[in-house]
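A.B. asks: Before anything else, here's the structure in question.
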4 protein chains.
Amino acid sequence: MRRKDFLQEPVKHIKISGKLCVNQLIQQFHNAGSFGAGRLSDACDAYERMLRDKECTVFLALAGAMVPAGMRSLIADLIREKLIDVVVSTGANMVHDAIEALGGHHYKGLWAVDDYLLYRYHIYRIYDVFVPEEDFTRLDYKLVEIFDEIASEYAGKTLSSKEFAWELGKRLDDPNSILRAAYETKTPLFLPAVRDSEFGFIHWIHASRENCKAPLMVDAFKDVPEIVEICKRSPKNGMVVIGGGVPRNTVQSAALASKKGMDYGVIITMDRPETGGLSGSTLTETVSWGKVKGTADKVMVFADAMIIFPIMVASVIERLGDGFRRKPYLKREKLEAIGGA
Amino acid sequence: MRRKDFLQEPVKHIKISGKLCVNQLIQQFHNAGSFGAGRLSDACDAYERMLRDKECTVFLALAGAMVPAGMRSLIADLIREKLIDVVVSTGANMVHDAIEALGGHHYKGLWAVDDYLLYRYHIYRIYDVFVPEEDFTRLDYKLVEIFDEIASEYAGKTLSSKEFAWELGKRLDDPNSILRAAYETKTPLFLPAVRDSEFGFIHWIHASRENCKAPLMVDAFKDVPEIVEICKRSPKNGMVVIGGGVPRNTVQSAALASKKGMDYGVIITMDRPETGGLSGSTLTETVSWGKVKGTADKVMVFADAMIIFPIMVASVIERLGDGFRRKPYLKREKLEAIGGA
Amino acid sequence: MRRKDFLQEPVKHIKISGKLCVNQLIQQFHNAGSFGAGRLSDACDAYERMLRDKECTVFLALAGAMVPAGMRSLIADLIREKLIDVVVSTGANMVHDAIEALGGHHYKGLWAVDDYLLYRYHIYRIYDVFVPEEDFTRLDYKLVEIFDEIASEYAGKTLSSKEFAWELGKRLDDPNSILRAAYETKTPLFLPAVRDSEFGFIHWIHASRENCKAPLMVDAFKDVPEIVEICKRSPKNGMVVIGGGVPRNTVQSAALASKKGMDYGVIITMDRPETGGLSGSTLTETVSWGKVKGTADKVMVFADAMIIFPIMVASVIERLGDGFRRKPYLKREKLEAIGGA
Amino acid sequence: MRRKDFLQEPVKHIKISGKLCVNQLIQQFHNAGSFGAGRLSDACDAYERMLRDKECTVFLALAGAMVPAGMRSLIADLIREKLIDVVVSTGANMVHDAIEALGGHHYKGLWAVDDYLLYRYHIYRIYDVFVPEEDFTRLDYKLVEIFDEIASEYAGKTLSSKEFAWELGKRLDDPNSILRAAYETKTPLFLPAVRDSEFGFIHWIHASRENCKAPLMVDAFKDVPEIVEICKRSPKNGMVVIGGGVPRNTVQSAALASKKGMDYGVIITMDRPETGGLSGSTLTETVSWGKVKGTADKVMVFADAMIIFPIMVASVIERLGDGFRRKPYLKREKLEAIGGA
């Protein structure tokens with residue numbers, strides 16, 4: 001590269017006057033192009049391109065306490081609007097989705113509070129969100145019954161985590177529920193660490209009841225071929241990752257095992273690379289593995305996803321416009337067939 | 001507090017459809033009220049209240065490379081619109097302001113680049129922003145002349161860092177310049193570590209020239225009574241802090257020395273408290289010192305200011321509406337008088 | 001509290017001269033008592049107390065790429081020396097343990113390197129550690145055979161992740177292997193997200209082979225009662241957590257489901273609380289849930305575990321002295337019996 | 001590079017048994033070579049090489065609340081033992097040094113405490129360190145007198161921040177004081193943001209006293225030629241940076257202005273590069289400016305300096321051995337002469 005190639009595009013300074021739509025601000029971030037603001041605008045571009053690419057399947061990896069904090073309807077809507085094709089989540093986010101579907105709530109709280117007082121009050125804290133114990137208890141009772149139903153239905157057969165999620169969604173009567181939206185639209189929703197959540201406790205309660213005819217049998221490995229097959233059949237794949245952990249790893253591993261490599265990648269995280277963990281690893285590190293392509297459209301935003309994810313979605317929805325209807329490359333029936341295989 | 005007091009306000013989940021103005025999104029963050037999004041909406045509220053409080057003087061503490069990254073016009077406009085009353089900045093931000101005022105530029109660049117190549121090309125990198133050496137050289141030449149002018153004018157008298165900043169602003173013919181805006185509007189602009197920047201180098205060049213009649217004499221301590229006096233005369237004080245370091249400390253120290261304590265505080269930083277440094281110290285820690293009042297309206301947002309600060313400004317400007325004209329409690333002439341004292 | 005109660009113990013400044021043993025330095029950190037150094041010395045105290053408490057069962061939660069980075073023998077030794085009673089790990093750490101047990105290696109590498117070149121060279125990067133693809137391939141081949149053996153042995157029965165880990169350990173002939181050490185000493189080793197690792201890929205390869213008689217059937221939920229039972233039967237419980245994610249959550253959930261609450265807790269992480277995720281959540285937050293007792297001896301160290309964990313172990317081993325032999329409250333045979341139930 | 005070049009040195013796993021000296025552990029970190037542990041061992045190597053390099057001048061940049069937290073004697077000893085040649089510090093660290101020299105104390109405290117109670121008790125908090133107001137008041141009284149003395153002595157002449165620091169050191173009778181150690185050994189100690197600390201308040205009190213004959217006149221720019229000259233005259237330069245901010249920038253700017261570029265660089269910080277601030281900027285970024293040489297021996301450790309700095313010092317002192325006496329390239333008298341020029 002010659003010297004002048006480095007000095008092509010002057011930073012345009014941000015101007016704010018009057019009302020500004022979210023995407024107008026993101027456009028200014030694009031023009032400034034610097035630091036976190038530049039990365040955020042790149043993230044919006046990458047997500048927009050994934051959605052406009054008629055051959056691309058879009059994965060959402062969902063870690064962190066996004067549902068307790070208010071992202072539930074947003075994600076359910078993205079599923080219904082077909083702006084996400086596959087979801088990989090922690091178990092906990094779906095537990096909290098089910099709590100609200102069954103009439104429970106999360107409450108705006110405080111992070112500087114006497115936690116021992118909360119303990120005595122049977123209120124659980126998630127940073128500055130409170131959940132009363134009774135909402136968990138209601139969930140436990142109701143889900144033990146649902147587990148019973150599912151177990152009878154599957155009698156002796158094992159479920160994958162996706163089948164488990166859909167079976168729950170089938171029984172949750174709430175249009176804002178992520179589990180329900182996934183079930184209704186036949187959107188694959190994988191819970192690779194399903195046991196590591198209240199579902200684990202509920203399973204234990206259910207299985208140890210005297211009158212338990214059969215415990216629910218979720219096969220830890222049953223999902224693997226399905227998610228790999230989805231990657232394989234898609235000409236292109238893209239991922240939007242919130243946080244890191246098991247959901248990010250599961251999506252990236254599918255891209256590796258299918259020998260496809262992601263074509264698009266957006267990661268929103270506060271983790272940093274230097275401690276060597278997967279959650280903070282750079283997108284270039286994933287290139288060495290073949291999880292993400294060297295040529296992929298990829299960007300990592302170091303920020304709180306509770307702020308960044310809604311901004312990115314708002315910006316991209318504004319860009320797509322009212323008339324936009326996305327037709328995913330993999331029809332939902334096709335996806336279902338993979339799962340049934 | 002009784003149990004039910006903790007469970008008053010359910011988290012309202014975010015919904016995005018169609019075009020959304022920045023402040024509409026912030027309102028949704030308020031309704032969700034959680035994690036970073038809740039803090040950001042609180043920050044907007046606090047900044048709005050500072051501006052609507054007729055007795056409050058608003059300080060902006062400016063660290064980090066905000067000017068190279070595209071915040072220059074935004075801050076100049078805030079000064080001109082009287083949405084900021086006093087600025088405390090690193091020297092470097094004003095160096096970069098002057099570079100653009102003298103026709104130089106910052107360029108959109110890359111963070112993953114061969115820095116030794118850049119070195120050989122005489123291009124300086126600030127994360128993903130590039131500055132060509134010649135823009136610094138032009139600054140050096142021009143400022144040496146300006147230093148000469150100022151030195152003759154002050155002949156034997158010392159300047160405070162604010163006087164130094166205003167003298168520069170007087171000679172920079174650029175409406176988008178922060179230095180110019182501060183000079184024109186008589187907005188105090190303090191540079192407590194002025195030596196720690198290209199200004200230090202320029203001073204050295206100027207003072208060691210053969211034909212230097214008198215070096216510029218900036219008194220390190222001359223500003224102190226002035227900034228303390230501003231706090232004292234204001235019935236209330238508020239601060240918006242970008243990053244930490246010397247600018248944050250200077251503003252907080254003024255609040256302490258004046259025995260006023262800040263009434264409002266917004267801090268946007270990625271620093272964390274556990275290493276004990278001032279930059280990441282919590283707002284409650286500042287309460288123990290009396291720098292910020294225990295009852296103050298205060299919030300810390302842990303995020304990249306390049307994203308958060310423009311969002312906050314856009315949200316608050318939208319709230320204030322087109323007709324809003326702020327009349328600062330301390331008239332600019334009054335402020336100037338303090339400085340002249 | 002009276003004023004003077006806050007001003008009891010002056011900070012003693014650190015002095016370094018001549019050779020210093022690790023624990024001597026930690027003692028100085030105790031005397032200074034400040035910031036990260038104070039927390040690290042508290043962590044050493046808490047781990048020491050767990051080990052000296054004759055009624056306490058000690059859990060190790062292991063996330064992050066600790067095994068690739070050189071912690072393998074250290075953890076295997078802690079298991080053999082009975083300085084850890086139960087391990088909960090990511091799948092990946094055990095994959096990397098098995099890679100070395102089968103003759104593979106991790107290599108000291110670089111973090112600033114052309115990842116696309118590595119990709120073409122079939123070298124995988126984990127921050128600054130390299131693993132050649134052939135070491136994964138060797139693992140795949142060997143483990144497919146091992147899966148076949150285990151599947152025949154269990155013929156129709158399901159395994160828990162602990163049984164799976166022990167069955168692997170039984171077949172790995174390497175004294176430095178964590179899997180082997182756990183198997184030999186009958187130390188429970190849980191892999192709650194076992195599918196989310198190369199084990200998932202290997203399972204898929206194995207299950208889809210033409211001549212596969214039976215796929216390995218790992219029941220996602222089978223471990224739950226066992227780990228809860230361990231907490232229940234222990235008069236006291238303590239945890240040492242490296243990183244966060246599923247391992248931390250699994251240990252804490254066991255403490256919750258068993259209605260015991262941890263009596264000791266040490267967490268080493270770089271994650272921060274403000275984004276609301278479990279990995280960075282404070283130990284006081286866990287008190288609201290009952291996962292950790294309000295009265296527990298607990299501390300969180302915000303640092304890279306690759307530095308901090310070995311220092312903590314070295315300090316505590318020095319304190320315990322050569323003659324110390326720990327007798328865990330739950331005899332290994334007892335633990336095994338729980339698993340067999 | 002050929003493939004096999006990447007796979008030369010297998011990670012050696014850490015083993016801990018019996019007593020371990022700090023440097024033995026660091027050697028193990030070297031053998032593992034990974035993540036933060038590898039960086040820490042590289043930092044020890046770089047500091048050792050600086051000290052053994054007979055042509056190298058060693059700068060210490062000191063930000064963060066290192067003195068309140070217990071690093072005071074350690075730094076004073078490094079100065080006396082000639083293991084540091086030049087110090088650049090925040091004003092605050094020297095304020096706290098003077099507090100102890102005048103009989104005040106810092107106290108081991110708590111970070112989770114009612115800060116409003118502390119406020120009413122006149123106790124200042126620095127994370128988990130407490131300082132009683134009376135120790136500040138004693139400092140104020142005593143320093144006002146000292147300012148008077150210095151002002152009379154300098155009658156009409158300006159001081160540089162270094163001269164100011166030495167004048168203080170001359171009057172503090174405490175062998176553990178950093179200011180004293182710098183004065184006695186004629187070690188340059190620069191305070192580029194001297195005004196931004198209690199010194200600013202004290203200067204104000206002093207200058208506004210009725211009987212003040214002359215205020216102390218510290219010239220903000222007077223130090224610049226001196227620190228640049230030190231870099232110039234040293235065949236090689238090395239820096240150890242704790243934290244970032246003004247101290248780091250001052251040292252790096254001297255290396256730039258002198259056209260030398262640092263030959264060695266160790267930075268210990270928790271800051272990250274992505275927000276664009278200088279404090280978290282990478283060492284390669286500094287190469288583009290010429291602040292650090294492309295070929296320099298350089299490493300950045302992302303960790304709490306309260307833990308890492310003493311470990312590094314202990315490891316290097318152990319390596320140097322009892323007989324080691326360093327002879328700095330720039331004799332102290334030479335350095336003093338520069339300052340007097």
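Letters A, B, ... go to the chains of the structure tokens in the order shown; residues in each chain start at 1; ligands are counted from 1 in the same order.
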Write out as a tab-separated table the residues of chain C that have any atom within 6 Å of an atom of chain A, one row each with the nearest atom pair and its distance in Å to one decimal, counting only C-alpha atoms, sorted by chain and then rising number.
C.D. replies:
```
residue	atom	partner	partner_atom	distance
C:Gly64	CA	A:Gly277	CA	4.3
C:Ala65	CA	A:Gly277	CA	5.3
C:Asp115	CA	A:Ser288	CA	4.7
C:Tyr116	CA	A:Ser288	CA	5.8
C:Leu118	CA	A:Ser288	CA	5.3
C:Tyr119	CA	A:Ser288	CA	4.2
C:Tyr124	CA	A:Trp289	CA	5.1
C:Tyr127	CA	A:Gly276	CA	5.1
C:Ala193	CA	A:Ala193	CA	4.8
C:Arg195	CA	A:Phe221	CA	5.5
C:Asp196	CA	A:Thr250	CA	5.7
C:Val218	CA	A:Ala220	CA	5.6
C:Asp219	CA	A:Asp219	CA	5.1
C:Ala220	CA	A:Ala220	CA	4.6
C:Phe221	CA	A:Arg195	CA	5.5
C:Thr250	CA	A:Asp196	CA	5.7
C:Thr275	CA	A:Asp304	CA	5.8
C:Gly276	CA	A:Tyr127	CA	5.2
C:Gly277	CA	A:Gly64	CA	4.3
C:Val287	CA	A:Asp115	CA	5.9
C:Ser288	CA	A:Tyr119	CA	4.2
C:Trp289	CA	A:Tyr124	CA	5.1
C:Gly294	CA	A:Tyr116	CA	6.0
C:Asp304	CA	A:Thr275	CA	5.8
```
A.B. asks: Output as a ChimeraX atom specification all residues of region 21-256 of chain A that backbone DSSP marks as helix (DSSP H, G or I).
C.D. replies: /A:22-32,35-52,67-80,91-101,115-121,133-154,161-170,178-185,198-207,224-233,245-256
A.B. asks: Just how far from CA of Gly265 (chain A) is CA of Phe164 (chain A), in Å to one decimal?
C.D. replies: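 About the pair CA of Phe164 (chain A) and CA of Gly265 (chain A): they are 27.6 Å apart.
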A.B. asks: So what do you get for CA of Lys4 (chain D) versus CA of Gly261 (chain A), distance-wise?
C.D. replies: 24.8 Å
A.B. asks: Please report the interatomic distance between CA of Arg319 (chain C) and CA of Gly70 (chain C) in Å with one decimal.
C.D. replies: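 Straight-line distance from CA of Arg319 (chain C) to CA of Gly70 (chain C) works out to 23.4 Å.
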A.B. asks: As number ranges by chain, please: the residues near Asn176 (chain A) (cut-off 10 Å, only C-alpha atoms, same-chain neighbours under 5 positions excluded).
C.D. replies: A: 72-77, 80, 97, 100-101, 181; B: 13
A.B. asks: Restricting the output to C-alpha atoms, write the selected residues as a JSON list (two decimals), in the first residue's frame.
C.D. replies:
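Everything below was put into part-v6.json:
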```json
[["chain", "number", "residue", "atom", "x", "y", "z"],
["A", 72, "ARG", "CA", -37.80, -10.69, 25.07],
["A", 73, "SER", "CA", -40.30, -9.11, 22.65],
["A", 74, "LEU", "CA", -37.52, -7.83, 20.46],
["A", 75, "ILE", "CA", -36.13, -11.31, 19.92],
["A", 76, "ALA", "CA", -39.57, -12.87, 19.51],
["A", 77, "ASP", "CA", -40.33, -10.24, 16.86],
["A", 80, "ARG", "CA", -41.55, -13.80, 13.62],
["A", 97, "ASP", "CA", -39.00, -16.29, 28.85],
["A", 100, "GLU", "CA", -43.19, -14.24, 31.82],
["A", 101, "ALA", "CA", -45.28, -16.49, 29.59],
["A", 181, "ALA", "CA", -42.41, -17.66, 18.44],
["B", 13, "HIS", "CA", -39.76, -5.22, 26.99]]
```
A.B. asks: Enumerate as a PDB file with N, CA and C atoms, in the first residue's frame all residues of region 74-307 of chain B assigned to strand (DSSP E) by DSSP on the backbone, naming them with the chain letters and numbers the document uses.
C.D. replies:
```pdb
ATOM      1  N   VAL B  86     -18.583  25.120  31.149  1.00  0.00           N
ATOM      2  CA  VAL B  86     -17.146  25.100  31.428  1.00  0.00           C
ATOM      3  C   VAL B  86     -16.588  23.806  30.853  1.00  0.00           C
ATOM      4  N   VAL B  87     -15.428  23.889  30.219  1.00  0.00           N
ATOM      5  CA  VAL B  87     -14.801  22.676  29.687  1.00  0.00           C
ATOM      6  C   VAL B  87     -13.444  22.483  30.345  1.00  0.00           C
ATOM      7  N   VAL B  88     -13.162  21.255  30.757  1.00  0.00           N
ATOM      8  CA  VAL B  88     -11.821  20.899  31.216  1.00  0.00           C
ATOM      9  C   VAL B  88     -11.340  19.770  30.322  1.00  0.00           C
ATOM     10  N   SER B  89     -10.239  19.963  29.655  1.00  0.00           N
ATOM     11  CA  SER B  89      -9.821  18.995  28.636  1.00  0.00           C
ATOM     12  C   SER B  89      -8.361  18.604  28.801  1.00  0.00           C
ATOM     13  N   TYR B 107      -7.882  10.963   9.553  1.00  0.00           N
ATOM     14  CA  TYR B 107      -8.390  10.085   8.500  1.00  0.00           C
ATOM     15  C   TYR B 107      -8.913   8.778   9.078  1.00  0.00           C
ATOM     16  N   LYS B 108      -9.988   8.290   8.480  1.00  0.00           N
ATOM     17  CA  LYS B 108     -10.501   6.966   8.842  1.00  0.00           C
ATOM     18  C   LYS B 108      -9.447   5.934   8.466  1.00  0.00           C
ATOM     19  N   ILE B 123       3.002   8.489   9.322  1.00  0.00           N
ATOM     20  CA  ILE B 123       1.577   8.570   9.643  1.00  0.00           C
ATOM     21  C   ILE B 123       1.411   8.098  11.079  1.00  0.00           C
ATOM     22  N   TYR B 124       0.745   8.889  11.893  1.00  0.00           N
ATOM     23  CA  TYR B 124       0.539   8.536  13.293  1.00  0.00           C
ATOM     24  C   TYR B 124      -0.815   7.862  13.436  1.00  0.00           C
ATOM     25  N   ARG B 125      -0.868   6.846  14.270  1.00  0.00           N
ATOM     26  CA  ARG B 125      -2.130   6.128  14.454  1.00  0.00           C
ATOM     27  C   ARG B 125      -2.708   6.375  15.843  1.00  0.00           C
ATOM     28  N   ILE B 126      -4.011   6.628  15.888  1.00  0.00           N
ATOM     29  CA  ILE B 126      -4.778   6.680  17.141  1.00  0.00           C
ATOM     30  C   ILE B 126      -5.905   5.662  16.979  1.00  0.00           C
ATOM     31  N   VAL B 129      -7.727   5.778  13.685  1.00  0.00           N
ATOM     32  CA  VAL B 129      -7.654   7.101  13.066  1.00  0.00           C
ATOM     33  C   VAL B 129      -6.193   7.386  12.704  1.00  0.00           C
ATOM     34  N   PHE B 130      -5.974   7.932  11.524  1.00  0.00           N
ATOM     35  CA  PHE B 130      -4.607   8.267  11.098  1.00  0.00           C
ATOM     36  C   PHE B 130      -4.433   9.788  11.038  1.00  0.00           C
ATOM     37  N   VAL B 131      -3.244  10.275  11.410  1.00  0.00           N
ATOM     38  CA  VAL B 131      -2.892  11.686  11.230  1.00  0.00           C
ATOM     39  C   VAL B 131      -1.536  11.740  10.553  1.00  0.00           C
ATOM     40  N   PRO B 132      -1.448  12.444   9.433  1.00  0.00           N
ATOM     41  CA  PRO B 132      -0.144  12.540   8.767  1.00  0.00           C
ATOM     42  C   PRO B 132       0.764  13.511   9.511  1.00  0.00           C
ATOM     43  N   LEU B 189     -12.236  27.350  29.389  1.00  0.00           N
ATOM     44  CA  LEU B 189     -11.718  26.082  28.854  1.00  0.00           C
ATOM     45  C   LEU B 189     -10.371  25.874  29.527  1.00  0.00           C
ATOM     46  N   PHE B 190     -10.338  24.948  30.476  1.00  0.00           N
ATOM     47  CA  PHE B 190      -9.122  24.726  31.261  1.00  0.00           C
ATOM     48  C   PHE B 190      -8.333  23.535  30.718  1.00  0.00           C
ATOM     49  N   LYS B 236     -25.825  25.657  42.025  1.00  0.00           N
ATOM     50  CA  LYS B 236     -25.668  24.210  41.829  1.00  0.00           C
ATOM     51  C   LYS B 236     -24.643  23.952  40.740  1.00  0.00           C
ATOM     52  N   ASN B 237     -24.046  22.755  40.787  1.00  0.00           N
ATOM     53  CA  ASN B 237     -23.069  22.380  39.778  1.00  0.00           C
ATOM     54  C   ASN B 237     -23.343  20.964  39.277  1.00  0.00           C
ATOM     55  N   GLY B 238     -23.088  20.764  38.008  1.00  0.00           N
ATOM     56  CA  GLY B 238     -23.247  19.430  37.427  1.00  0.00           C
ATOM     57  C   GLY B 238     -22.060  19.124  36.535  1.00  0.00           C
ATOM     58  N   MET B 239     -21.750  17.826  36.385  1.00  0.00           N
ATOM     59  CA  MET B 239     -20.616  17.497  35.508  1.00  0.00           C
ATOM     60  C   MET B 239     -20.988  16.359  34.571  1.00  0.00           C
ATOM     61  N   VAL B 240     -20.493  16.473  33.352  1.00  0.00           N
ATOM     62  CA  VAL B 240     -20.559  15.373  32.386  1.00  0.00           C
ATOM     63  C   VAL B 240     -19.115  15.004  32.118  1.00  0.00           C
ATOM     64  N   VAL B 241     -18.754  13.775  32.463  1.00  0.00           N
ATOM     65  CA  VAL B 241     -17.358  13.355  32.367  1.00  0.00           C
ATOM     66  C   VAL B 241     -17.208  12.302  31.275  1.00  0.00           C
ATOM     67  N   ILE B 242     -16.331  12.572  30.341  1.00  0.00           N
ATOM     68  CA  ILE B 242     -15.992  11.584  29.314  1.00  0.00           C
ATOM     69  C   ILE B 242     -14.615  11.050  29.663  1.00  0.00           C
ATOM     70  N   MET B 262     -20.794  18.381  43.761  1.00  0.00           N
ATOM     71  CA  MET B 262     -21.635  18.376  42.558  1.00  0.00           C
ATOM     72  C   MET B 262     -23.075  17.969  42.907  1.00  0.00           C
ATOM     73  N   ASP B 263     -24.018  18.614  42.237  1.00  0.00           N
ATOM     74  CA  ASP B 263     -25.427  18.258  42.388  1.00  0.00           C
ATOM     75  C   ASP B 263     -25.885  17.246  41.331  1.00  0.00           C
ATOM     76  N   TYR B 264     -25.137  17.200  40.248  1.00  0.00           N
ATOM     77  CA  TYR B 264     -25.444  16.262  39.167  1.00  0.00           C
ATOM     78  C   TYR B 264     -24.133  15.664  38.675  1.00  0.00           C
ATOM     79  N   GLY B 265     -24.159  14.418  38.283  1.00  0.00           N
ATOM     80  CA  GLY B 265     -22.946  13.815  37.744  1.00  0.00           C
ATOM     81  C   GLY B 265     -23.250  12.701  36.758  1.00  0.00           C
ATOM     82  N   VAL B 266     -22.685  12.813  35.576  1.00  0.00           N
ATOM     83  CA  VAL B 266     -22.776  11.744  34.574  1.00  0.00           C
ATOM     84  C   VAL B 266     -21.350  11.401  34.185  1.00  0.00           C
ATOM     85  N   ILE B 267     -20.999  10.133  34.303  1.00  0.00           N
ATOM     86  CA  ILE B 267     -19.657   9.698  33.897  1.00  0.00           C
ATOM     87  C   ILE B 267     -19.790   8.588  32.866  1.00  0.00           C
ATOM     88  N   ILE B 268     -19.101   8.751  31.755  1.00  0.00           N
ATOM     89  CA  ILE B 268     -19.079   7.705  30.719  1.00  0.00           C
ATOM     90  C   ILE B 268     -17.655   7.197  30.630  1.00  0.00           C
ATOM     91  N   THR B 269     -17.451   5.964  30.981  1.00  0.00           N
ATOM     92  CA  THR B 269     -16.089   5.418  31.006  1.00  0.00           C
ATOM     93  C   THR B 269     -16.115   3.911  30.842  1.00  0.00           C
ATOM     94  N   VAL B 292     -18.962  14.975  45.218  1.00  0.00           N
ATOM     95  CA  VAL B 292     -20.321  14.855  44.697  1.00  0.00           C
ATOM     96  C   VAL B 292     -21.220  14.670  45.914  1.00  0.00           C
ATOM     97  N   LYS B 293     -22.382  15.321  45.889  1.00  0.00           N
ATOM     98  CA  LYS B 293     -23.273  15.217  47.042  1.00  0.00           C
ATOM     99  C   LYS B 293     -23.894  13.820  47.161  1.00  0.00           C
ATOM    100  N   GLY B 294     -24.161  13.413  48.373  1.00  0.00           N
ATOM    101  CA  GLY B 294     -24.841  12.143  48.583  1.00  0.00           C
ATOM    102  C   GLY B 294     -26.201  12.116  47.909  1.00  0.00           C
ATOM    103  N   THR B 295     -26.842  13.260  47.872  1.00  0.00           N
ATOM    104  CA  THR B 295     -28.184  13.351  47.280  1.00  0.00           C
ATOM    105  C   THR B 295     -28.142  13.683  45.785  1.00  0.00           C
ATOM    106  N   ALA B 296     -26.966  13.749  45.207  1.00  0.00           N
ATOM    107  CA  ALA B 296     -26.863  14.182  43.800  1.00  0.00           C
ATOM    108  C   ALA B 296     -27.574  13.205  42.867  1.00  0.00           C
ATOM    109  N   ASP B 297     -27.966  13.731  41.746  1.00  0.00           N
ATOM    110  CA  ASP B 297     -28.536  12.959  40.639  1.00  0.00           C
ATOM    111  C   ASP B 297     -27.341  12.474  39.824  1.00  0.00           C
ATOM    112  N   LYS B 298     -27.005  11.186  39.970  1.00  0.00           N
ATOM    113  CA  LYS B 298     -25.699  10.773  39.426  1.00  0.00           C
ATOM    114  C   LYS B 298     -25.742   9.375  38.833  1.00  0.00           C
ATOM    115  N   VAL B 299     -24.999   9.166  37.783  1.00  0.00           N
ATOM    116  CA  VAL B 299     -24.988   7.851  37.143  1.00  0.00           C
ATOM    117  C   VAL B 299     -23.694   7.679  36.339  1.00  0.00           C
ATOM    118  N   MET B 300     -23.239   6.439  36.305  1.00  0.00           N
ATOM    119  CA  MET B 300     -22.006   6.085  35.599  1.00  0.00           C
ATOM    120  C   MET B 300     -22.404   5.086  34.509  1.00  0.00           C
ATOM    121  N   VAL B 301     -22.016   5.384  33.285  1.00  0.00           N
ATOM    122  CA  VAL B 301     -22.309   4.474  32.170  1.00  0.00           C
ATOM    123  C   VAL B 301     -21.003   3.829  31.736  1.00  0.00           C
ATOM    124  N   PHE B 302     -20.963   2.507  31.748  1.00  0.00           N
ATOM    125  CA  PHE B 302     -19.737   1.793  31.407  1.00  0.00           C
ATOM    126  C   PHE B 302     -19.760   1.447  29.932  1.00  0.00           C
TER     127      PHE B 302
END
```
A.B. asks: Give me the residues near Leu172 (chain D) as a JSON list (two decimals) with N, CA and C atoms, in the first residue's frame, where near means some atom within 9 Å (using only C-alpha atoms) and where sequence neighbours in that chain fewer than 3 positions away do not count.
C.D. replies:
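Done, and the output landed in part28.json:
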```json
[["chain", "number", "residue", "atom", "x", "y", "z"],
["D", 98, "ALA", "N", 3.56, 12.58, 50.73],
["D", 98, "ALA", "CA", 3.83, 13.63, 51.73],
["D", 98, "ALA", "C", 2.96, 13.44, 52.97],
["D", 101, "ALA", "N", 4.74, 11.10, 55.07],
["D", 101, "ALA", "CA", 6.00, 11.68, 55.57],
["D", 101, "ALA", "C", 5.73, 12.63, 56.73],
["D", 102, "LEU", "N", 4.54, 13.21, 56.75],
["D", 102, "LEU", "CA", 4.18, 14.15, 57.81],
["D", 102, "LEU", "C", 3.40, 13.48, 58.93],
["D", 168, "LEU", "N", 10.27, 19.93, 47.92],
["D", 168, "LEU", "CA", 9.45, 19.24, 48.93],
["D", 168, "LEU", "C", 10.26, 18.15, 49.60],
["D", 169, "GLY", "N", 10.91, 17.33, 48.79],
["D", 169, "GLY", "CA", 11.67, 16.21, 49.31],
["D", 169, "GLY", "C", 12.73, 16.66, 50.32],
["D", 175, "PRO", "N", 12.81, 8.52, 55.40],
["D", 175, "PRO", "CA", 13.58, 7.72, 54.43],
["D", 175, "PRO", "C", 12.69, 6.91, 53.49],
["D", 177, "SER", "N", 10.04, 8.01, 52.07],
["D", 177, "SER", "CA", 9.32, 8.90, 51.18],
["D", 177, "SER", "C", 9.91, 8.87, 49.77],
["D", 179, "LEU", "N", 9.42, 11.29, 47.56],
["D", 179, "LEU", "CA", 9.93, 12.64, 47.33],
["D", 179, "LEU", "C", 11.33, 12.79, 47.95],
["D", 180, "ARG", "N", 11.50, 12.29, 49.16],
["D", 180, "ARG", "CA", 12.78, 12.36, 49.84],
["D", 180, "ARG", "C", 13.85, 11.57, 49.08]]
```
A.B. asks: Kindly indicate which residue among B:Lys162, B:Arg209, B:Lys15, B:His30 lies nearest to Pro188 (chain B), using only C-alpha atoms for the distances.
C.D. replies: B:Lys162
